[in-house]
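Colleague: Got a structure here, written out as structure tokens. Questions coming.
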Amino acid sequence: MFCGIDLGSRSVKLVVMDHDKVKNSEIFETVQFYRQYGAATPEGLVVDFKGIGMAGSGNVVATGYGRNTINIVGATIIAELKAHTIGAMWQTGLRDFTLLDLGGQDSKVIKVRKGKMVDFATNDKCAASTGRYLENMATVLGISLEELSSYHENPVELSATCAIFGESELIGRIVEGYSIPELGAGVNYTILKRIKPMLTSLASEVIIFTGGVALGTAIGKMIGSELGVEVIVPKYPQLNGAIGCAVHAQEKRG
Amino acid sequence: MARIGITTTVPVEIILAAGHTPVDLNNVFITDKEASRLVEVAEDAGYPRNICGWIKGLYSVVVDRGDIDMVLAVTQGDCSNTHALMETLQLAGIETIPFAYPFDRDYDILKLQMDKLISALGTDWDSVMTVKKRLDQVRGKVAELDRLTWQENTVSGFHNHLYQVSCSDFNGDVTAFEQDVDQFIVKAGSATEGTENLRLGFIGVPPIVNDLYEHFEKMGARVVFNEVQRQFAMPYSVDDLVEQYRLYTYPYGVFGRIEDIKLEIERRNLDGIVHYVQSFCFRQIEDMIFREKLDIPVLTIEGDKPGKLDARTKLRMDSFLEMLG
């Protein structure tokens, strides 16, 4: 049994793998996870695996915000981009691709060639083009995140990519009388505009799209049609980093 | 004898020849215990939030610390925000003198700028050249310290940065600075050789964050080339002072810098380049040119306010090293 943990900014993902298969997985809100299952000790963060129902998971590999800033007792820590690269390769079997991960508060683009990360870009000091931005926009529109993430046709023009100013601009468009599908598509399209330069400079014929944002269909469709590339959303987009950790644990043992 | 604040590297020989003390305002700002507060002082005065932290720091060093008699401001070849910095300093009653590096490296125009500075400060070329000879001795020692960094591997990236960046004003006291360098070189002679796996080059303006070199070294990589800082130290060994400030790459556009960087990538056997950019700086645009022209992995990191690296930047640095290793 191999356990992978991805300590994200908005949620904590745990995956247990055995014999190269995902046996069990859990997703917690980050704050809830630390409050219920984490205990700070002088040695580092102790995780209550029994409480989570993952006792005896054995080899634990974790990733998250910077190798130096997290320290789980008994776990090996690997770099976040490495975990995501491994996860994407395991989930798709591909070795040449560009990985796009849109998470709770960050976006990552990783170019992979022959199974190795050769270049990467991440957003910096700005939460626009992330899940958090979409959550806010869904709230403004009064619809669920799932519904928002399905609209991709006839996007209204929204210029602001700032998560804060975008809200007031969106309200302006609502007042102008645009329909919810058009407004929703406009929101999704701002994400594409924001990540397009990163995807263009780290281009591949295949884009593997992961992270919580990849659970919706609209943005993947927009990327495919706008950039003329194949977009693959693997089976577990949100668990990709945690899977990468578990696979790493497995490989080290295997 | 006046204390003359400088906004970046200028022909410091002229200030010293005129009997004044050069004070690099950047160094005063970044070594201030309350560097973050200095940024806030400028913001309270009305500097916008989305303006470079260095400019704000420079403003506050002059108006808040109050021991600078006049400011010699580089109006071309560094940063166009300096224009408004000069104007707001004038508004606060500070005397300013402009100095402009000609974009096309024109010898005559540069010489004219230096002539004008010489007469503004009341000195002459003979005195300036005497100072140049003196400074060249010190620059030679700093160049040796740089060599020890990449060839003997006995100097940390931070000390390489510190001593070279200090050559903009020689800490206001050439003799004391030289003694400091002498002592450091002796210490480096008996230091153990660094065993880092990865050798990095740092390009771009000096970082506003204070733990960048340390973090890289903790992660098994060492900066063995500090591009702009090395330019501040002027390791050119030329007799003509105008030519010296023409060889100085920093004020003259990105392509000359790239030639210099390429040579050092080869000579110092670098594994990767870290391009530091300051938030809101026009040099962020030039990042695309470096990426296109330098045939080596490049990590671009951005700093805004003084202090420590944030978790995101560390994550990106760690991933870059992972990629190189």
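In the structure tokens, each chain is lettered A, B, ... as it comes, each chain's residues begin at 1, and ligands are numbered from 1 in order of appearance.
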If we count only C-alpha atoms and set the cut-off at 9 Å, which residues sit around A:Ile232, ignoring sequence neighbours fewer than 3 positions away in its own chain? Please answer as JSON, numbers by chain.
Modeller: {"A": [92, 206, 207, 208, 209, 210, 220]}
Colleague: Export N, CA and C atoms of the chosen residues as a short mmCIF file (atom, residue, chain, number, x, y, z; two decimals), in the first residue's frame?
Modeller:
data_model
loop_
_atom_site.label_atom_id
_atom_site.label_comp_id
_atom_site.auth_asym_id
_atom_site.auth_seq_id
_atom_site.Cartn_x
_atom_site.Cartn_y
_atom_site.Cartn_z
N THR A 92 -2.04 8.73 -17.99
CA THR A 92 -2.28 8.71 -19.44
C THR A 92 -1.36 7.77 -20.21
N VAL A 206 -0.31 17.53 -27.48
CA VAL A 206 -1.30 17.02 -26.53
C VAL A 206 -1.20 17.81 -25.23
N ILE A 207 -2.36 18.23 -24.74
CA ILE A 207 -2.39 18.89 -23.43
C ILE A 207 -3.15 18.00 -22.46
N ILE A 208 -2.50 17.67 -21.37
CA ILE A 208 -3.19 16.94 -20.30
C ILE A 208 -3.67 17.99 -19.31
N PHE A 209 -4.95 17.98 -19.09
CA PHE A 209 -5.60 19.03 -18.28
C PHE A 209 -6.03 18.43 -16.95
N THR A 210 -5.48 18.95 -15.85
CA THR A 210 -5.80 18.40 -14.52
C THR A 210 -6.14 19.53 -13.55
N GLY A 220 -11.73 23.03 -21.17
CA GLY A 220 -11.01 22.06 -22.00
C GLY A 220 -11.41 22.17 -23.47
#
Colleague: For the alpha helix (DSSP H) assignment from backbone DSSP, which residues of stretch 137-168 of chain A qualify? Please present them as a PyMOL selection string.
Modeller: chain A and resi 137-141+145-148+165-168
Colleague: Take the residues from that selection and write them out as an mmCIF file, in the first residue's frame, keeping N, CA and C atoms.
Modeller:
data_model
loop_
_atom_site.group_PDB
_atom_site.id
_atom_site.type_symbol
_atom_site.label_atom_id
_atom_site.label_comp_id
_atom_site.auth_asym_id
_atom_site.auth_seq_id
_atom_site.Cartn_x
_atom_site.Cartn_y
_atom_site.Cartn_z
ATOM 1 N N MET A 137 -16.967 33.831 -9.294
ATOM 2 C CA MET A 137 -17.795 34.225 -10.416
ATOM 3 C C MET A 137 -19.117 33.457 -10.432
ATOM 4 N N ALA A 138 -19.075 32.164 -10.057
ATOM 5 C CA ALA A 138 -20.300 31.372 -9.989
ATOM 6 C C ALA A 138 -21.243 31.974 -8.950
ATOM 7 N N THR A 139 -20.670 32.410 -7.841
ATOM 8 C CA THR A 139 -21.476 33.026 -6.791
ATOM 9 C C THR A 139 -22.150 34.303 -7.309
ATOM 10 N N VAL A 140 -21.380 35.108 -8.034
ATOM 11 C CA VAL A 140 -21.939 36.348 -8.585
ATOM 12 C C VAL A 140 -23.101 36.022 -9.532
ATOM 13 N N LEU A 141 -22.935 34.982 -10.322
ATOM 14 C CA LEU A 141 -23.985 34.615 -11.279
ATOM 15 C C LEU A 141 -25.139 33.857 -10.628
ATOM 16 N N LEU A 145 -20.867 25.871 -9.473
ATOM 17 C CA LEU A 145 -19.599 25.792 -10.185
ATOM 18 C C LEU A 145 -19.726 24.815 -11.363
ATOM 19 N N GLU A 146 -20.475 23.737 -11.124
ATOM 20 C CA GLU A 146 -20.664 22.724 -12.184
ATOM 21 C C GLU A 146 -21.356 23.347 -13.391
ATOM 22 N N GLU A 147 -22.412 24.126 -13.084
ATOM 23 C CA GLU A 147 -23.138 24.745 -14.194
ATOM 24 C C GLU A 147 -22.235 25.730 -14.935
ATOM 25 N N LEU A 148 -21.540 26.561 -14.182
ATOM 26 C CA LEU A 148 -20.646 27.553 -14.804
ATOM 27 C C LEU A 148 -19.650 26.861 -15.736
ATOM 28 N N PHE A 165 -11.624 42.649 -9.566
ATOM 29 C CA PHE A 165 -12.265 43.589 -10.488
ATOM 30 C C PHE A 165 -13.165 42.867 -11.493
ATOM 31 N N GLY A 166 -12.842 41.587 -11.752
ATOM 32 C CA GLY A 166 -13.659 40.805 -12.665
ATOM 33 C C GLY A 166 -15.107 40.741 -12.203
ATOM 34 N N GLU A 167 -15.294 40.706 -10.891
ATOM 35 C CA GLU A 167 -16.656 40.618 -10.346
ATOM 36 C C GLU A 167 -17.500 41.817 -10.754
ATOM 37 N N SER A 168 -16.932 43.015 -10.578
ATOM 38 C CA SER A 168 -17.743 44.197 -10.888
ATOM 39 C C SER A 168 -17.981 44.306 -12.389
#
Colleague: Using only C-alpha atoms, which protein or nucleic acid residues come within 10 Å of A:Met222? Drop anything in the same chain fewer than 2 positions from it, and give the result as a PDB file with C-alpha atoms, in the first residue's frame.
Modeller:
ATOM      1  CA  TYR A 151     -20.788  27.032 -20.724  1.00  0.00           C
ATOM      2  CA  HIS A 152     -18.464  27.579 -23.639  1.00  0.00           C
ATOM      3  CA  GLU A 153     -20.510  29.118 -26.478  1.00  0.00           C
ATOM      4  CA  ALA A 185     -18.816  31.265 -21.232  1.00  0.00           C
ATOM      5  CA  ASN A 188     -14.474  30.593 -18.762  1.00  0.00           C
ATOM      6  CA  TYR A 189     -12.955  32.407 -21.696  1.00  0.00           C
ATOM      7  CA  ILE A 191      -9.321  31.721 -17.964  1.00  0.00           C
ATOM      8  CA  LEU A 192      -8.242  30.693 -21.448  1.00  0.00           C
ATOM      9  CA  THR A 217     -15.990  20.623 -19.607  1.00  0.00           C
ATOM     10  CA  ALA A 218     -16.041  24.164 -21.006  1.00  0.00           C
ATOM     11  CA  ILE A 219     -12.436  25.266 -20.551  1.00  0.00           C
ATOM     12  CA  GLY A 220     -11.007  22.058 -21.998  1.00  0.00           C
ATOM     13  CA  GLY A 224      -8.846  22.429 -27.841  1.00  0.00           C
ATOM     14  CA  SER A 225     -10.613  24.614 -30.370  1.00  0.00           C
ATOM     15  CA  GLU A 226      -8.603  27.781 -29.815  1.00  0.00           C
ATOM     16  CA  LEU A 227      -5.149  26.188 -29.820  1.00  0.00           C
ATOM     17  CA  GLY A 228      -5.866  23.316 -32.196  1.00  0.00           C
ATOM     18  CA  VAL A 231      -6.925  18.012 -24.716  1.00  0.00           C
TER      19      VAL A 231
END
Colleague: Please provide as a list in words all residues within 10 Å of B:Pro297, with the sequence filter that same-chain residues fewer than 5 positions apart are discarded (counting only C-alpha atoms).
Modeller: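 Result of the neighbour search: Val118 and Asp119 of chain A; Leu270, Asp271, Gly272, Ile273, Val274, Arg291, Phe320, Met323 and Leu324 of chain B.
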Colleague: Could you pull the residues within 10 Å of B:Arg267, counting only C-alpha atoms, minus those fewer than 4 positions along the same chain, as JSON, numbers by chain?
Modeller: {"B": [150, 151, 261, 262, 263]}
Colleague: Go ahead and write the residues just picked, N, CA and C atoms, as a CSV table (one decimal), in the first residue's frame.
Modeller:
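Final output, result-v4.csv:
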chain,number,residue,atom,x,y,z
B,150,TRP,N,33.7,31.3,-8.8
B,150,TRP,CA,33.4,30.3,-9.8
B,150,TRP,C,34.5,29.4,-10.1
B,151,GLN,N,35.8,29.8,-9.8
B,151,GLN,CA,36.9,28.9,-10.2
B,151,GLN,C,37.3,28.0,-9.0
B,261,ILE,N,26.4,37.7,-20.9
B,261,ILE,CA,25.9,36.5,-20.2
B,261,ILE,C,26.3,35.2,-20.9
B,262,LYS,N,26.3,35.2,-22.2
B,262,LYS,CA,26.6,34.0,-23.0
B,262,LYS,C,28.1,33.6,-22.7
B,263,LEU,N,28.9,34.6,-22.7
B,263,LEU,CA,30.4,34.3,-22.4
B,263,LEU,C,30.5,33.7,-21.0
Colleague: Between atom CA of A:Met17 and atom CA of A:Met1, measure the distance and give it in Å to one decimal.
Modeller: 5.7 Å
Colleague: Residues of chain A within 12 Å of chain B, using only C-alpha atoms, as a PyMOL selection string?
Modeller: chain A and resi 8-9+63-70+77-85+105-113+115-127+197-198+201-202
Colleague: Grab the residues selected above and save them as a compact mmCIF listing (two decimals), in the first residue's frame with N, CA and C atoms.
Modeller:
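Writing done, so here's result.txt:
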# COMPACT_ATOMS: atom_id res chain seq x y z
N GLY A 8 -2.90 20.92 -1.05
CA GLY A 8 -3.17 22.08 -1.91
C GLY A 8 -3.61 23.28 -1.11
N SER A 9 -3.80 24.39 -1.81
CA SER A 9 -4.16 25.61 -1.11
C SER A 9 -5.62 25.60 -0.68
N THR A 63 3.29 16.06 -1.19
CA THR A 63 3.77 17.26 -1.89
C THR A 63 2.88 18.42 -1.49
N GLY A 64 3.27 19.60 -1.88
CA GLY A 64 2.49 20.78 -1.53
C GLY A 64 3.33 22.01 -1.73
N TYR A 65 2.97 23.02 -1.01
CA TYR A 65 3.63 24.32 -1.21
C TYR A 65 5.10 24.32 -0.82
N GLY A 66 5.97 23.96 -1.72
CA GLY A 66 7.40 24.06 -1.44
C GLY A 66 7.88 22.92 -0.57
N ARG A 67 8.95 22.28 -0.99
CA ARG A 67 9.46 21.14 -0.25
C ARG A 67 9.85 21.51 1.17
N ASN A 68 10.26 22.75 1.37
CA ASN A 68 10.75 23.14 2.69
C ASN A 68 9.66 23.62 3.62
N THR A 69 8.52 23.98 3.05
CA THR A 69 7.50 24.57 3.92
C THR A 69 6.56 23.51 4.49
N ILE A 70 6.54 22.31 3.91
CA ILE A 70 5.73 21.27 4.53
C ILE A 70 6.62 20.18 5.08
N ILE A 77 8.91 14.01 1.14
CA ILE A 77 8.31 15.15 0.46
C ILE A 77 8.95 15.29 -0.93
N ILE A 78 8.13 15.40 -1.93
CA ILE A 78 8.67 15.66 -3.27
C ILE A 78 8.11 16.97 -3.82
N ALA A 79 8.81 17.53 -4.81
CA ALA A 79 8.39 18.81 -5.37
C ALA A 79 7.05 18.67 -6.09
N GLU A 80 6.26 19.72 -5.99
CA GLU A 80 4.89 19.69 -6.51
C GLU A 80 4.83 19.42 -8.02
N LEU A 81 5.68 20.10 -8.76
CA LEU A 81 5.62 19.91 -10.21
C LEU A 81 6.05 18.50 -10.61
N LYS A 82 6.97 17.96 -9.84
CA LYS A 82 7.41 16.58 -10.10
C LYS A 82 6.25 15.62 -9.86
N ALA A 83 5.54 15.82 -8.74
CA ALA A 83 4.40 14.96 -8.42
C ALA A 83 3.36 15.01 -9.54
N HIS A 84 3.10 16.20 -10.02
CA HIS A 84 2.08 16.33 -11.07
C HIS A 84 2.53 15.70 -12.38
N THR A 85 3.81 15.83 -12.67
CA THR A 85 4.33 15.22 -13.90
C THR A 85 4.19 13.69 -13.83
N GLN A 105 -5.80 27.81 -6.14
CA GLN A 105 -5.26 29.16 -6.17
C GLN A 105 -4.03 29.30 -7.06
N ASP A 106 -3.75 28.27 -7.83
CA ASP A 106 -2.61 28.46 -8.73
C ASP A 106 -2.80 27.70 -10.02
N SER A 107 -2.07 28.14 -11.01
CA SER A 107 -2.08 27.42 -12.28
C SER A 107 -0.66 27.06 -12.65
N LYS A 108 -0.49 25.85 -13.18
CA LYS A 108 0.83 25.37 -13.55
C LYS A 108 0.79 24.85 -14.97
N VAL A 109 1.83 25.12 -15.71
CA VAL A 109 1.98 24.53 -17.03
C VAL A 109 3.35 23.88 -17.06
N ILE A 110 3.39 22.59 -17.39
CA ILE A 110 4.66 21.86 -17.39
C ILE A 110 4.84 21.20 -18.74
N LYS A 111 5.99 21.44 -19.34
CA LYS A 111 6.28 20.79 -20.62
C LYS A 111 7.10 19.53 -20.34
N VAL A 112 6.61 18.39 -20.83
CA VAL A 112 7.26 17.11 -20.56
C VAL A 112 7.71 16.50 -21.87
N ARG A 113 8.98 16.10 -21.91
CA ARG A 113 9.52 15.42 -23.08
C ARG A 113 10.26 14.16 -22.63
N GLY A 115 9.32 11.83 -20.90
CA GLY A 115 9.07 11.54 -19.49
C GLY A 115 9.78 12.44 -18.51
N LYS A 116 10.37 13.54 -18.99
CA LYS A 116 11.06 14.46 -18.07
C LYS A 116 10.52 15.88 -18.22
N MET A 117 10.40 16.57 -17.09
CA MET A 117 9.99 17.97 -17.13
C MET A 117 11.13 18.77 -17.75
N VAL A 118 10.85 19.49 -18.84
CA VAL A 118 11.91 20.28 -19.47
C VAL A 118 11.70 21.78 -19.30
N ASP A 119 10.49 22.20 -19.01
CA ASP A 119 10.26 23.62 -18.75
C ASP A 119 8.91 23.75 -18.02
N PHE A 120 8.72 24.86 -17.35
CA PHE A 120 7.44 25.05 -16.67
C PHE A 120 7.16 26.53 -16.48
N ALA A 121 5.91 26.84 -16.24
CA ALA A 121 5.51 28.20 -15.89
C ALA A 121 4.41 28.09 -14.86
N THR A 122 4.36 29.02 -13.94
CA THR A 122 3.27 29.03 -12.98
C THR A 122 2.79 30.47 -12.84
N ASN A 123 1.57 30.63 -12.37
CA ASN A 123 1.11 32.00 -12.11
C ASN A 123 1.87 32.54 -10.91
N ASP A 124 1.92 33.85 -10.80
CA ASP A 124 2.70 34.41 -9.71
C ASP A 124 1.91 35.51 -9.02
N LYS A 125 1.72 35.35 -7.74
CA LYS A 125 1.11 36.41 -6.92
C LYS A 125 -0.22 36.90 -7.48
N CYS A 126 -1.02 35.99 -8.02
CA CYS A 126 -2.30 36.40 -8.55
C CYS A 126 -3.17 35.14 -8.67
N ALA A 127 -4.38 35.24 -8.16
CA ALA A 127 -5.25 34.07 -8.16
C ALA A 127 -6.21 34.05 -9.34
N PRO A 197 -0.90 32.41 -23.07
CA PRO A 197 0.53 32.67 -23.30
C PRO A 197 1.44 31.57 -22.74
N MET A 198 1.07 31.03 -21.59
CA MET A 198 1.88 29.96 -20.99
C MET A 198 1.81 28.70 -21.84
N SER A 201 3.85 29.18 -25.11
CA SER A 201 5.31 29.12 -25.02
C SER A 201 5.79 27.73 -24.61
N LEU A 202 4.92 26.92 -24.06
CA LEU A 202 5.32 25.55 -23.67
C LEU A 202 4.46 24.54 -24.44
